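query.cif, holding mmCIF, C-alpha atoms:
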data_my_file
loop_
_atom_site.group_PDB
_atom_site.id
_atom_site.type_symbol
_atom_site.label_atom_id
_atom_site.label_comp_id
_atom_site.auth_asym_id
_atom_site.auth_seq_id
_atom_site.Cartn_x
_atom_site.Cartn_y
_atom_site.Cartn_z
ATOM 1 C CA MET D 1 2.293 11.663 7.887
ATOM 2 C CA LEU D 2 0.791 11.567 4.431
ATOM 3 C CA HIS D 3 0.636 15.050 2.905
ATOM 4 C CA ALA D 4 -3.172 14.884 2.718
ATOM 5 C CA ARG D 5 -5.671 13.171 4.959
ATOM 6 C CA VAL D 6 -8.003 10.742 3.231
ATOM 7 C CA ARG D 7 -11.396 10.982 4.898
ATOM 8 C CA LEU D 8 -13.504 7.836 4.490
ATOM 9 C CA LEU D 9 -17.282 8.030 4.654
ATOM 10 C CA PRO D 10 -19.436 5.104 5.828
ATOM 11 C CA LEU D 11 -19.355 2.761 2.858
ATOM 12 C CA ILE D 12 -20.375 -0.681 1.667
ATOM 13 C CA ALA D 13 -17.605 -2.506 -0.174
ATOM 14 C CA LEU D 14 -17.746 -5.757 -2.088
ATOM 15 C CA LEU D 15 -15.165 -8.275 -0.947
ATOM 16 C CA SER D 16 -13.498 -9.902 -3.919
ATOM 17 C CA ALA D 17 -10.409 -12.123 -3.892
ATOM 18 C CA ALA D 18 -8.525 -11.036 -0.782
ATOM 19 C CA CYS D 19 -6.338 -12.186 2.095
ATOM 20 C CA SER D 20 -8.053 -12.058 5.482
ATOM 21 C CA ARG D 21 -6.140 -11.366 8.672
ATOM 22 C CA THR D 22 -8.075 -14.085 10.520
ATOM 23 C CA GLU D 23 -8.424 -16.709 7.818
ATOM 24 C CA THR D 24 -6.646 -18.267 4.888
ATOM 25 C CA PRO D 25 -7.023 -16.449 1.542
ATOM 26 C CA SER D 26 -10.564 -16.562 0.167
ATOM 27 C CA ALA D 27 -12.050 -15.640 -3.174
ATOM 28 C CA GLN D 28 -15.681 -15.751 -2.042
ATOM 29 C CA ALA D 29 -17.594 -12.525 -2.623
ATOM 30 C CA SER D 30 -19.505 -10.931 0.231
ATOM 31 C CA GLU D 31 -20.422 -7.492 1.565
ATOM 32 C CA VAL D 32 -18.495 -5.719 4.278
ATOM 33 C CA THR D 33 -19.193 -2.433 6.021
ATOM 34 C CA VAL D 34 -16.358 0.083 6.173
ATOM 35 C CA SER D 35 -16.637 2.459 9.105
ATOM 36 C CA THR D 36 -15.692 6.122 9.191
ATOM 37 C CA GLY D 37 -11.956 6.581 9.533
ATOM 38 C CA ASP D 38 -8.964 8.668 8.639
ATOM 39 C CA VAL D 39 -6.331 6.678 6.767
ATOM 40 C CA ALA D 40 -2.964 8.322 7.233
ATOM 41 C CA PRO D 41 0.062 7.152 9.203
ATOM 42 C CA ALA D 42 0.938 8.641 12.563
ATOM 43 C CA MET D 43 4.629 9.080 13.232
ATOM 44 C CA ALA D 44 6.631 9.784 16.334
ATOM 45 C CA GLY D 45 7.197 13.313 17.591
ATOM 46 C CA PRO D 46 9.663 15.610 15.817
ATOM 47 C CA SER D 47 12.384 15.090 18.401
ATOM 48 C CA ALA D 48 12.725 11.343 17.816
ATOM 49 C CA PRO D 49 15.915 10.372 15.938
ATOM 50 C CA GLU D 50 14.060 8.157 13.443
ATOM 51 C CA ASP D 51 11.691 10.955 12.427
ATOM 52 C CA SER D 52 13.722 12.112 9.444
ATOM 53 C CA LEU D 53 13.827 8.539 8.169
ATOM 54 C CA SER D 54 10.087 8.095 8.720
ATOM 55 C CA THR D 55 9.298 11.373 6.972
ATOM 56 C CA LYS D 56 11.344 10.399 3.932
ATOM 57 C CA ALA D 57 9.811 6.926 3.802
ATOM 58 C CA ASP D 58 6.316 8.318 4.233
ATOM 59 C CA ARG D 59 6.682 10.753 1.359
ATOM 60 C CA ALA D 60 8.313 8.145 -0.867
ATOM 61 C CA ARG D 61 5.221 5.890 -0.901
ATOM 62 C CA ILE D 62 3.113 8.640 -2.481
ATOM 63 C CA ARG D 63 3.116 9.026 -6.261
ATOM 64 C CA GLY D 64 1.345 11.380 -8.624
ATOM 65 C CA ALA D 65 0.879 15.112 -9.034
ATOM 66 C CA GLU D 66 0.260 17.184 -5.926
ATOM 67 C CA THR D 67 -2.519 18.928 -7.854
ATOM 68 C CA ALA D 68 -4.488 15.693 -8.330
ATOM 69 C CA GLN D 69 -7.724 15.904 -6.354
ATOM 70 C CA VAL D 70 -8.650 12.210 -6.378
ATOM 71 C CA TRP D 71 -6.756 9.825 -4.128
ATOM 72 C CA LEU D 72 -6.253 6.096 -4.623
ATOM 73 C CA VAL D 73 -5.075 4.596 -1.342
ATOM 74 C CA GLU D 74 -3.851 1.001 -1.521
ATOM 75 C CA ILE D 75 -3.773 -0.968 1.724
ATOM 76 C CA SER D 76 -1.709 -4.040 1.068
ATOM 77 C CA ASP D 77 0.469 -6.916 2.265
ATOM 78 C CA PHE D 78 3.549 -7.786 0.191
ATOM 79 C CA GLN D 79 3.108 -11.522 0.892
ATOM 80 C CA CYS D 80 -0.606 -11.649 0.030
ATOM 81 C CA PRO D 81 -1.072 -13.503 -3.308
ATOM 82 C CA PHE D 82 -4.094 -11.374 -4.183
ATOM 83 C CA CYS D 83 -2.083 -8.185 -3.592
ATOM 84 C CA LYS D 84 0.469 -9.585 -6.034
ATOM 85 C CA GLN D 85 -2.348 -10.378 -8.469
ATOM 86 C CA TRP D 86 -3.560 -6.769 -8.353
ATOM 87 C CA HIS D 87 -0.034 -5.480 -8.785
ATOM 88 C CA ASP D 88 0.674 -7.780 -11.732
ATOM 89 C CA GLU D 89 -2.615 -7.210 -13.544
ATOM 90 C CA THR D 90 -3.831 -3.724 -12.645
ATOM 91 C CA PHE D 91 -1.251 -1.442 -11.015
ATOM 92 C CA ALA D 92 0.730 -0.507 -14.148
ATOM 93 C CA LYS D 93 -2.414 0.289 -16.135
ATOM 94 C CA ILE D 94 -3.888 2.550 -13.459
ATOM 95 C CA ASP D 95 -0.502 4.171 -12.934
ATOM 96 C CA GLN D 96 -0.107 4.885 -16.644
ATOM 97 C CA GLU D 97 -3.660 6.074 -17.282
ATOM 98 C CA TYR D 98 -4.417 8.070 -14.148
ATOM 99 C CA VAL D 99 -1.401 8.658 -11.909
ATOM 100 C CA LYS D 100 1.187 9.646 -14.505
ATOM 101 C CA THR D 101 -1.383 11.811 -16.304
ATOM 102 C CA GLY D 102 -1.933 13.882 -13.175
ATOM 103 C CA LYS D 103 -5.529 12.804 -12.549
ATOM 104 C CA VAL D 104 -4.954 10.686 -9.443
ATOM 105 C CA ARG D 105 -2.557 10.672 -6.526
ATOM 106 C CA MET D 106 -1.717 7.280 -5.072
ATOM 107 C CA ALA D 107 -0.480 6.180 -1.658
ATOM 108 C CA TYR D 108 0.497 2.760 -0.296
ATOM 109 C CA LEU D 109 -0.267 1.773 3.295
ATOM 110 C CA ASN D 110 1.118 -1.348 4.937
ATOM 111 C CA PHE D 111 -1.202 -3.947 6.432
ATOM 112 C CA PRO D 112 0.986 -7.043 6.978
ATOM 113 C CA LEU D 113 -1.133 -10.042 7.934
ATOM 114 C CA THR D 114 1.450 -11.584 10.214
ATOM 115 C CA ARG D 115 -0.810 -14.390 11.449
ATOM 116 C CA ILE D 116 -0.816 -16.026 8.027
ATOM 117 C CA HIS D 117 2.143 -14.347 6.291
ATOM 118 C CA LYS D 118 5.305 -14.852 8.335
ATOM 119 C CA ASN D 119 7.512 -12.665 6.132
ATOM 120 C CA ALA D 120 5.038 -9.835 5.470
ATOM 121 C CA GLN D 121 6.350 -7.545 8.221
ATOM 122 C CA ILE D 122 9.999 -7.733 7.185
ATOM 123 C CA ALA D 123 8.996 -7.247 3.540
ATOM 124 C CA ALA D 124 7.149 -4.067 4.498
ATOM 125 C CA GLU D 125 10.220 -2.873 6.401
ATOM 126 C CA ALA D 126 12.401 -3.619 3.367
ATOM 127 C CA ALA D 127 10.209 -1.462 1.123
ATOM 128 C CA MET D 128 9.938 1.378 3.606
ATOM 129 C CA CYS D 129 13.679 1.364 4.296
ATOM 130 C CA ALA D 130 14.195 1.647 0.546
ATOM 131 C CA GLY D 131 11.722 4.525 0.658
ATOM 132 C CA VAL D 132 14.095 6.449 2.921
ATOM 133 C CA GLN D 133 16.322 6.636 -0.184
ATOM 134 C CA GLY D 134 13.425 7.436 -2.517
ATOM 135 C CA LYS D 135 13.291 3.859 -3.818
ATOM 136 C CA PHE D 136 10.012 2.668 -2.317
ATOM 137 C CA TRP D 137 8.187 2.019 -5.583
ATOM 138 C CA GLU D 138 11.167 0.255 -7.117
ATOM 139 C CA LEU D 139 11.332 -2.221 -4.233
ATOM 140 C CA HIS D 140 7.536 -2.390 -4.019
ATOM 141 C CA SER D 141 7.384 -3.771 -7.548
ATOM 142 C CA ALA D 142 10.409 -6.020 -7.044
ATOM 143 C CA LEU D 143 8.910 -7.569 -3.904
ATOM 144 C CA PHE D 144 5.676 -8.469 -5.656
ATOM 145 C CA GLN D 145 7.470 -9.795 -8.715
ATOM 146 C CA ALA D 146 9.772 -11.959 -6.595
ATOM 147 C CA GLN D 147 7.120 -13.022 -4.059
ATOM 148 C CA PRO D 148 7.460 -16.779 -4.824
ATOM 149 C CA ARG D 149 11.172 -16.566 -3.981
ATOM 150 C CA TRP D 150 10.784 -15.165 -0.473
ATOM 151 C CA ALA D 151 7.230 -15.792 0.753
ATOM 152 C CA GLU D 152 8.071 -19.048 2.539
ATOM 153 C CA ALA D 153 11.818 -18.550 2.858
ATOM 154 C CA LYS D 154 13.465 -19.056 6.244
ATOM 155 C CA THR D 155 15.854 -16.167 5.549
ATOM 156 C CA PRO D 156 13.944 -13.778 3.250
ATOM 157 C CA ILE D 157 16.451 -11.006 3.975
ATOM 158 C CA VAL D 158 18.841 -12.682 1.528
ATOM 159 C CA VAL D 159 16.327 -12.158 -1.286
ATOM 160 C CA PHE D 160 15.466 -8.654 -0.098
ATOM 161 C CA ASP D 161 19.140 -7.736 -0.090
ATOM 162 C CA SER D 162 19.505 -8.813 -3.719
ATOM 163 C CA LEU D 163 16.344 -6.932 -4.700
ATOM 164 C CA ALA D 164 17.565 -3.785 -2.958
ATOM 165 C CA ARG D 165 20.915 -4.066 -4.694
ATOM 166 C CA ALA D 166 19.215 -4.447 -8.090
ATOM 167 C CA ALA D 167 17.102 -1.355 -7.334
ATOM 168 C CA SER D 168 20.284 0.689 -6.727
ATOM 169 C CA VAL D 169 19.556 1.088 -3.029
ATOM 170 C CA GLU D 170 22.615 2.086 -1.005
ATOM 171 C CA LEU D 171 23.020 -1.100 1.011
ATOM 172 C CA LYS D 172 24.912 0.142 4.059
ATOM 173 C CA ALA D 173 22.212 2.648 4.992
ATOM 174 C CA TRP D 174 19.451 0.191 4.060
ATOM 175 C CA ASP D 175 21.034 -2.510 6.240
ATOM 176 C CA ALA D 176 21.197 -0.082 9.175
ATOM 177 C CA CYS D 177 17.535 0.808 8.708
ATOM 178 C CA MET D 178 16.578 -2.866 8.559
ATOM 179 C CA SER D 179 18.725 -3.902 11.537
ATOM 180 C CA SER D 180 17.255 -1.192 13.765
ATOM 181 C CA HIS D 181 13.659 -1.838 12.581
ATOM 182 C CA ALA D 182 13.392 1.913 12.082
ATOM 183 C CA MET D 183 10.199 1.552 10.034
ATOM 184 C CA ALA D 184 8.324 -0.698 12.470
ATOM 185 C CA LYS D 185 6.425 2.140 14.165
ATOM 186 C CA LEU D 186 5.363 3.645 10.855
ATOM 187 C CA ILE D 187 4.115 0.269 9.617
ATOM 188 C CA GLU D 188 2.240 -0.313 12.864
ATOM 189 C CA ALA D 189 0.629 3.123 12.503
ATOM 190 C CA ASP D 190 -0.466 2.181 8.978
ATOM 191 C CA ARG D 191 -2.047 -1.000 10.270
ATOM 192 C CA ASP D 192 -3.780 0.693 13.207
ATOM 193 C CA ARG D 193 -5.341 3.451 11.106
ATOM 194 C CA SER D 194 -6.427 1.013 8.435
ATOM 195 C CA ALA D 195 -8.050 -1.245 11.021
ATOM 196 C CA LYS D 196 -9.879 1.706 12.575
ATOM 197 C CA ALA D 197 -11.215 2.537 9.098
ATOM 198 C CA GLY D 198 -12.705 -0.950 8.903
ATOM 199 C CA VAL D 199 -10.065 -2.706 6.818
ATOM 200 C CA GLU D 200 -10.041 -6.460 7.441
ATOM 201 C CA SER D 201 -8.382 -7.866 4.327
ATOM 202 C CA THR D 202 -5.826 -7.106 1.659
ATOM 203 C CA PRO D 203 -5.777 -5.598 -0.796
ATOM 204 C CA THR D 204 -8.277 -2.903 0.144
ATOM 205 C CA PHE D 205 -8.514 0.353 -1.784
ATOM 206 C CA PHE D 206 -10.107 3.729 -1.184
ATOM 207 C CA VAL D 207 -10.929 5.615 -4.372
ATOM 208 C CA GLY D 208 -12.321 9.046 -3.646
ATOM 209 C CA ASP D 209 -15.234 8.228 -1.336
ATOM 210 C CA ARG D 210 -15.551 4.583 -2.380
ATOM 211 C CA ALA D 211 -14.009 1.460 -0.898
ATOM 212 C CA LEU D 212 -13.026 -1.650 -2.843
ATOM 213 C CA ALA D 213 -11.945 -4.696 -0.849
ATOM 214 C CA GLY D 214 -10.273 -7.228 -3.094
ATOM 215 C CA ALA D 215 -8.179 -7.669 -6.224
ATOM 216 C CA TYR D 216 -10.749 -6.274 -8.618
ATOM 217 C CA PRO D 217 -9.875 -6.035 -12.334
ATOM 218 C CA VAL D 218 -8.710 -2.819 -13.923
ATOM 219 C CA ASP D 219 -12.126 -1.930 -15.371
ATOM 220 C CA THR D 220 -13.606 -1.756 -11.866
ATOM 221 C CA PHE D 221 -10.985 0.794 -10.890
ATOM 222 C CA ARG D 222 -11.492 2.765 -14.093
ATOM 223 C CA VAL D 223 -15.191 3.084 -13.294
ATOM 224 C CA ALA D 224 -14.530 4.081 -9.674
ATOM 225 C CA ILE D 225 -11.884 6.655 -10.606
ATOM 226 C CA ASP D 226 -13.913 8.109 -13.471
ATOM 227 C CA GLN D 227 -16.903 8.472 -11.164
ATOM 228 C CA ALA D 228 -14.753 10.222 -8.573
ATOM 229 C CA LEU D 229 -13.375 12.598 -11.204
ATOM 230 C CA ALA D 230 -16.868 13.308 -12.566
ATOM 231 C CA LYS D 231 -18.139 13.977 -9.065
ATOM 232 C CA LEU D 232 -15.449 16.585 -8.588
ATOM 233 C CA LYS D 233 -16.346 18.322 -11.835
ATOM 234 C CA SER D 234 -20.019 18.460 -10.960
ATOM 235 C CA ALA D 235 -19.493 19.665 -7.410
ATOM 236 C CA PRO D 236 -20.553 23.281 -6.755
ATOM 237 C CA ARG D 237 -17.649 25.706 -6.452
#
Let me see the file written as structure tokens.
Amino acid sequence: MLHARVRLLPLIALLSAACSRTETPSAQASEVTVSTGDVAPAMAGPSAPEDSLSTKADRARIRGAETAQVWLVEISDFQCPFCKQWHDETFAKIDQEYVKTGKVRMAYLNFPLTRIHKNAQIAAEAAMCAGVQGKFWELHSALFQAQPRWAEAKTPIVVFDSLARAASVELKAWDACMSSHAMAKLIEADRDRSAKAGVESTPTFFVGDRALAGAYPVDTFRVAIDQALAKLKSAPR
């Protein structure tokens, strides 16, 4: 499971541009209530043969210093166009300003909207199987960048294979992971915990004790993160 539990308080989040699991993508703003939950994946017991793979993949989708006290949890779907928008416009800036500077620790949870995104599940498995080799973030970025190439493809695995190769993923082991669907349980656990926390659309983010549902611009995240950091500083010790 994730190294740290992310406890979510009852929150009100503004819904910006996002993909809904029950509807086509919408950019209409509205308010949604996020219930109390605990967003962290649940894996199989330690005796299961896929556990070592799941543990490696789970750790690989966390980035940032272990000493960072503020978490940014991204709940996303690789085929969602608004998730791609956030990745293309905001991810690198937040990563550079807050994650790489040791202020924030970031984790990615899978929430494939399979009703409207037919290739979202296999894309999540491709990223997590790359994570077994410590290449999650490399394939994460490649999948979003190449989304137009595979989103509606009949055989997306052909594109994923080329992306994995370009990311220096060892293909024989990656193919075995993909063929056995070794990451399916971990992805399903991500989705279940996210749903229990009130997540209904992608991308959804939890920043400290705040929730942001939608592909908000970078300044919105700067404000949320800075507030979370300030709250920590002002908290009684």
Between D:Ser20, D:Ser201, D:Gln85, D:Ser54, which one has atoms that come closest to D:Leu186, using all atoms listed in the file?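 The shortest atom-to-atom distance to D:Leu186 comes from D:Ser54.
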Show which residues sit within 12 Å of D:Lys103, as an mmCIF file with C-alpha atoms, keeping the file's coordinate frame. Count only C-alpha atoms, and ignore same-chain residues fewer than 5 positions away.
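The result, written out as around-v1.cif:
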data_model
loop_
_atom_site.group_PDB
_atom_site.id
_atom_site.type_symbol
_atom_site.label_atom_id
_atom_site.label_comp_id
_atom_site.auth_asym_id
_atom_site.auth_seq_id
_atom_site.Cartn_x
_atom_site.Cartn_y
_atom_site.Cartn_z
ATOM 1 C CA ARG D 63 3.116 9.026 -6.261
ATOM 2 C CA GLY D 64 1.345 11.380 -8.624
ATOM 3 C CA ALA D 65 0.879 15.112 -9.034
ATOM 4 C CA GLU D 66 0.260 17.184 -5.926
ATOM 5 C CA THR D 67 -2.519 18.928 -7.854
ATOM 6 C CA ALA D 68 -4.488 15.693 -8.330
ATOM 7 C CA GLN D 69 -7.724 15.904 -6.354
ATOM 8 C CA VAL D 70 -8.650 12.210 -6.378
ATOM 9 C CA TRP D 71 -6.756 9.825 -4.128
ATOM 10 C CA LEU D 72 -6.253 6.096 -4.623
ATOM 11 C CA ILE D 94 -3.888 2.550 -13.459
ATOM 12 C CA ASP D 95 -0.502 4.171 -12.934
ATOM 13 C CA GLN D 96 -0.107 4.885 -16.644
ATOM 14 C CA GLU D 97 -3.660 6.074 -17.282
ATOM 15 C CA TYR D 98 -4.417 8.070 -14.148
ATOM 16 C CA GLY D 208 -12.321 9.046 -3.646
ATOM 17 C CA ARG D 222 -11.492 2.765 -14.093
ATOM 18 C CA ILE D 225 -11.884 6.655 -10.606
ATOM 19 C CA ASP D 226 -13.913 8.109 -13.471
ATOM 20 C CA ALA D 228 -14.753 10.222 -8.573
ATOM 21 C CA LEU D 229 -13.375 12.598 -11.204
ATOM 22 C CA ALA D 230 -16.868 13.308 -12.566
ATOM 23 C CA LEU D 232 -15.449 16.585 -8.588
#
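Atom CA of D:Arg193 is positioned 27.8 Å from atom CA of D:Ala164.
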List as a PyMOL selection string the protein and nucleic acid residues near D:Ala182, meaning an atom at most 9 Å away when all atoms listed in the file are counted, but skip any in the same chain fewer than 5 places from it. chain D and resi 50+53-54+125+129+176-177
Please evaluate the PyMOL selection byres ((chain D and resi 144-146) around 8) against the structure above and give the resulting residues as a ChimeraX atom specification. /D:78-79,84,87-88,140-143,147-150
Mind pulling up the distance from atom CA of D:Leu109 to atom CA of D:Ser234? 29.5 Å
Residues proximal to (15.9, -0.1, -9.7) were defined as those with any atom within 8 Å of that point in the file's coordinates, counting all atoms listed in the file. Which are they, as a ChimeraX atom specification? /D:135,138-139,164,166-169
From the list D:Pro81, D:Pro112, D:Gly134, D:Gly102, which residue is nearest D:Ala195 when using all atoms listed in the file? D:Pro112
Around (13.4, -2.5, 2.0) in the file's frame, which residues reach within 8 Å when counting all atoms listed in the file? Return as a PDB file with C-alpha atoms, keeping the file's coordinate frame?
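Ended up saving to out-v1.pdb:
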ATOM      1  CA  ALA D 123       8.996  -7.247   3.540  1.00  0.00           C
ATOM      2  CA  ALA D 124       7.149  -4.067   4.498  1.00  0.00           C
ATOM      3  CA  GLU D 125      10.220  -2.873   6.401  1.00  0.00           C
ATOM      4  CA  ALA D 126      12.401  -3.619   3.367  1.00  0.00           C
ATOM      5  CA  ALA D 127      10.209  -1.462   1.123  1.00  0.00           C
ATOM      6  CA  MET D 128       9.938   1.378   3.606  1.00  0.00           C
ATOM      7  CA  CYS D 129      13.679   1.364   4.296  1.00  0.00           C
ATOM      8  CA  ALA D 130      14.195   1.647   0.546  1.00  0.00           C
ATOM      9  CA  GLY D 131      11.722   4.525   0.658  1.00  0.00           C
ATOM     10  CA  PHE D 136      10.012   2.668  -2.317  1.00  0.00           C
ATOM     11  CA  LEU D 139      11.332  -2.221  -4.233  1.00  0.00           C
ATOM     12  CA  PHE D 160      15.466  -8.654  -0.098  1.00  0.00           C
ATOM     13  CA  ALA D 164      17.565  -3.785  -2.958  1.00  0.00           C
ATOM     14  CA  TRP D 174      19.451   0.191   4.060  1.00  0.00           C
ATOM     15  CA  MET D 178      16.578  -2.866   8.559  1.00  0.00           C
TER      16      MET D 178
END
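Note that the spacing between atom CA of D:Val132 and atom CA of D:Val73 amounts to 19.7 Å.
Each of D:Phe206, D:Lys154, D:Ala197, D:Leu171 was compared to D:Met106 using all atoms listed in the file, and D:Phe206 turns out to be the nearest.
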Using only C-alpha atoms, the residue out of D:Asp58, D:Lys196, D:Phe91, D:Cys19 with shortest distance to D:Arg115 is D:Cys19
Please reconstruct the missing atoms of stretch 169-178 of chain D (target: all heavy atoms) and return them as a PDB file, in the frame of the given file.
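Okay, out-v6.pdb is ready:
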ATOM      1  N   VAL D 169      19.635   0.592  -4.395  1.00  0.00           N
ATOM      2  CA  VAL D 169      19.556   1.088  -3.029  1.00  0.00           C
ATOM      3  C   VAL D 169      20.946   1.025  -2.410  1.00  0.00           C
ATOM      4  O   VAL D 169      21.685   0.052  -2.606  1.00  0.00           O
ATOM      5  CB  VAL D 169      18.571   0.235  -2.201  1.00  0.00           C
ATOM      6  CG1 VAL D 169      18.619   0.604  -0.724  1.00  0.00           C
ATOM      7  CG2 VAL D 169      17.158   0.384  -2.744  1.00  0.00           C
ATOM      8  N   GLU D 170      21.318   2.065  -1.679  1.00  0.00           N
ATOM      9  CA  GLU D 170      22.615   2.086  -1.005  1.00  0.00           C
ATOM     10  C   GLU D 170      22.517   1.124   0.180  1.00  0.00           C
ATOM     11  O   GLU D 170      21.791   1.369   1.142  1.00  0.00           O
ATOM     12  CB  GLU D 170      22.938   3.504  -0.535  1.00  0.00           C
ATOM     13  CG  GLU D 170      24.415   3.746  -0.253  1.00  0.00           C
ATOM     14  CD  GLU D 170      24.872   3.090   1.038  1.00  0.00           C
ATOM     15  OE1 GLU D 170      24.242   3.355   2.074  1.00  0.00           O
ATOM     16  OE2 GLU D 170      25.844   2.296   0.998  1.00  0.00           O
ATOM     17  N   LEU D 171      23.256   0.018   0.111  1.00  0.00           N
ATOM     18  CA  LEU D 171      23.020  -1.100   1.011  1.00  0.00           C
ATOM     19  C   LEU D 171      23.433  -0.849   2.459  1.00  0.00           C
ATOM     20  O   LEU D 171      22.797  -1.363   3.374  1.00  0.00           O
ATOM     21  CB  LEU D 171      23.721  -2.354   0.484  1.00  0.00           C
ATOM     22  CG  LEU D 171      23.125  -2.941  -0.803  1.00  0.00           C
ATOM     23  CD1 LEU D 171      23.901  -4.193  -1.210  1.00  0.00           C
ATOM     24  CD2 LEU D 171      21.655  -3.277  -0.617  1.00  0.00           C
ATOM     25  N   LYS D 172      24.471  -0.075   2.682  1.00  0.00           N
ATOM     26  CA  LYS D 172      24.912   0.142   4.059  1.00  0.00           C
ATOM     27  C   LYS D 172      23.826   0.860   4.864  1.00  0.00           C
ATOM     28  O   LYS D 172      23.489   0.442   5.986  1.00  0.00           O
ATOM     29  CB  LYS D 172      26.211   0.951   4.074  1.00  0.00           C
ATOM     30  CG  LYS D 172      26.797   1.117   5.473  1.00  0.00           C
ATOM     31  CD  LYS D 172      28.140   1.836   5.425  1.00  0.00           C
ATOM     32  CE  LYS D 172      28.721   1.991   6.828  1.00  0.00           C
ATOM     33  NZ  LYS D 172      30.036   2.690   6.805  1.00  0.00           N
ATOM     34  N   ALA D 173      23.274   1.912   4.303  1.00  0.00           N
ATOM     35  CA  ALA D 173      22.212   2.648   4.992  1.00  0.00           C
ATOM     36  C   ALA D 173      20.946   1.810   5.099  1.00  0.00           C
ATOM     37  O   ALA D 173      20.249   1.836   6.124  1.00  0.00           O
ATOM     38  CB  ALA D 173      21.922   3.955   4.252  1.00  0.00           C
ATOM     39  N   TRP D 174      20.641   1.051   4.046  1.00  0.00           N
ATOM     40  CA  TRP D 174      19.451   0.191   4.060  1.00  0.00           C
ATOM     41  C   TRP D 174      19.592  -0.895   5.126  1.00  0.00           C
ATOM     42  O   TRP D 174      18.643  -1.172   5.871  1.00  0.00           O
ATOM     43  CB  TRP D 174      19.269  -0.425   2.676  1.00  0.00           C
ATOM     44  CG  TRP D 174      18.062  -1.302   2.520  1.00  0.00           C
ATOM     45  CD1 TRP D 174      16.772  -0.913   2.294  1.00  0.00           C
ATOM     46  CD2 TRP D 174      18.044  -2.741   2.572  1.00  0.00           C
ATOM     47  NE1 TRP D 174      15.950  -2.017   2.198  1.00  0.00           N
ATOM     48  CE2 TRP D 174      16.711  -3.149   2.366  1.00  0.00           C
ATOM     49  CE3 TRP D 174      19.033  -3.712   2.763  1.00  0.00           C
ATOM     50  CZ2 TRP D 174      16.327  -4.489   2.343  1.00  0.00           C
ATOM     51  CZ3 TRP D 174      18.665  -5.059   2.756  1.00  0.00           C
ATOM     52  CH2 TRP D 174      17.320  -5.432   2.543  1.00  0.00           C
ATOM     53  N   ASP D 175      20.781  -1.495   5.226  1.00  0.00           N
ATOM     54  CA  ASP D 175      21.034  -2.510   6.240  1.00  0.00           C
ATOM     55  C   ASP D 175      20.848  -1.940   7.645  1.00  0.00           C
ATOM     56  O   ASP D 175      20.285  -2.593   8.537  1.00  0.00           O
ATOM     57  CB  ASP D 175      22.460  -3.059   6.119  1.00  0.00           C
ATOM     58  CG  ASP D 175      22.614  -4.026   4.949  1.00  0.00           C
ATOM     59  OD1 ASP D 175      21.593  -4.575   4.496  1.00  0.00           O
ATOM     60  OD2 ASP D 175      23.764  -4.220   4.493  1.00  0.00           O
ATOM     61  N   ALA D 176      21.326  -0.717   7.859  1.00  0.00           N
ATOM     62  CA  ALA D 176      21.197  -0.082   9.175  1.00  0.00           C
ATOM     63  C   ALA D 176      19.728   0.153   9.509  1.00  0.00           C
ATOM     64  O   ALA D 176      19.291  -0.055  10.647  1.00  0.00           O
ATOM     65  CB  ALA D 176      21.968   1.232   9.198  1.00  0.00           C
ATOM     66  N   CYS D 177      18.969   0.584   8.519  1.00  0.00           N
ATOM     67  CA  CYS D 177      17.535   0.808   8.708  1.00  0.00           C
ATOM     68  C   CYS D 177      16.837  -0.502   9.046  1.00  0.00           C
ATOM     69  O   CYS D 177      16.002  -0.567   9.956  1.00  0.00           O
ATOM     70  CB  CYS D 177      16.949   1.421   7.439  1.00  0.00           C
ATOM     71  SG  CYS D 177      15.161   1.759   7.493  1.00  0.00           S
ATOM     72  N   MET D 178      17.192  -1.564   8.325  1.00  0.00           N
ATOM     73  CA  MET D 178      16.578  -2.866   8.559  1.00  0.00           C
ATOM     74  C   MET D 178      16.966  -3.428   9.926  1.00  0.00           C
ATOM     75  O   MET D 178      16.120  -3.939  10.667  1.00  0.00           O
ATOM     76  CB  MET D 178      16.992  -3.839   7.456  1.00  0.00           C
ATOM     77  CG  MET D 178      16.418  -3.522   6.088  1.00  0.00           C
ATOM     78  SD  MET D 178      14.622  -3.725   6.014  1.00  0.00           S
ATOM     79  CE  MET D 178      14.482  -5.524   6.136  1.00  0.00           C
TER      80      MET D 178
END
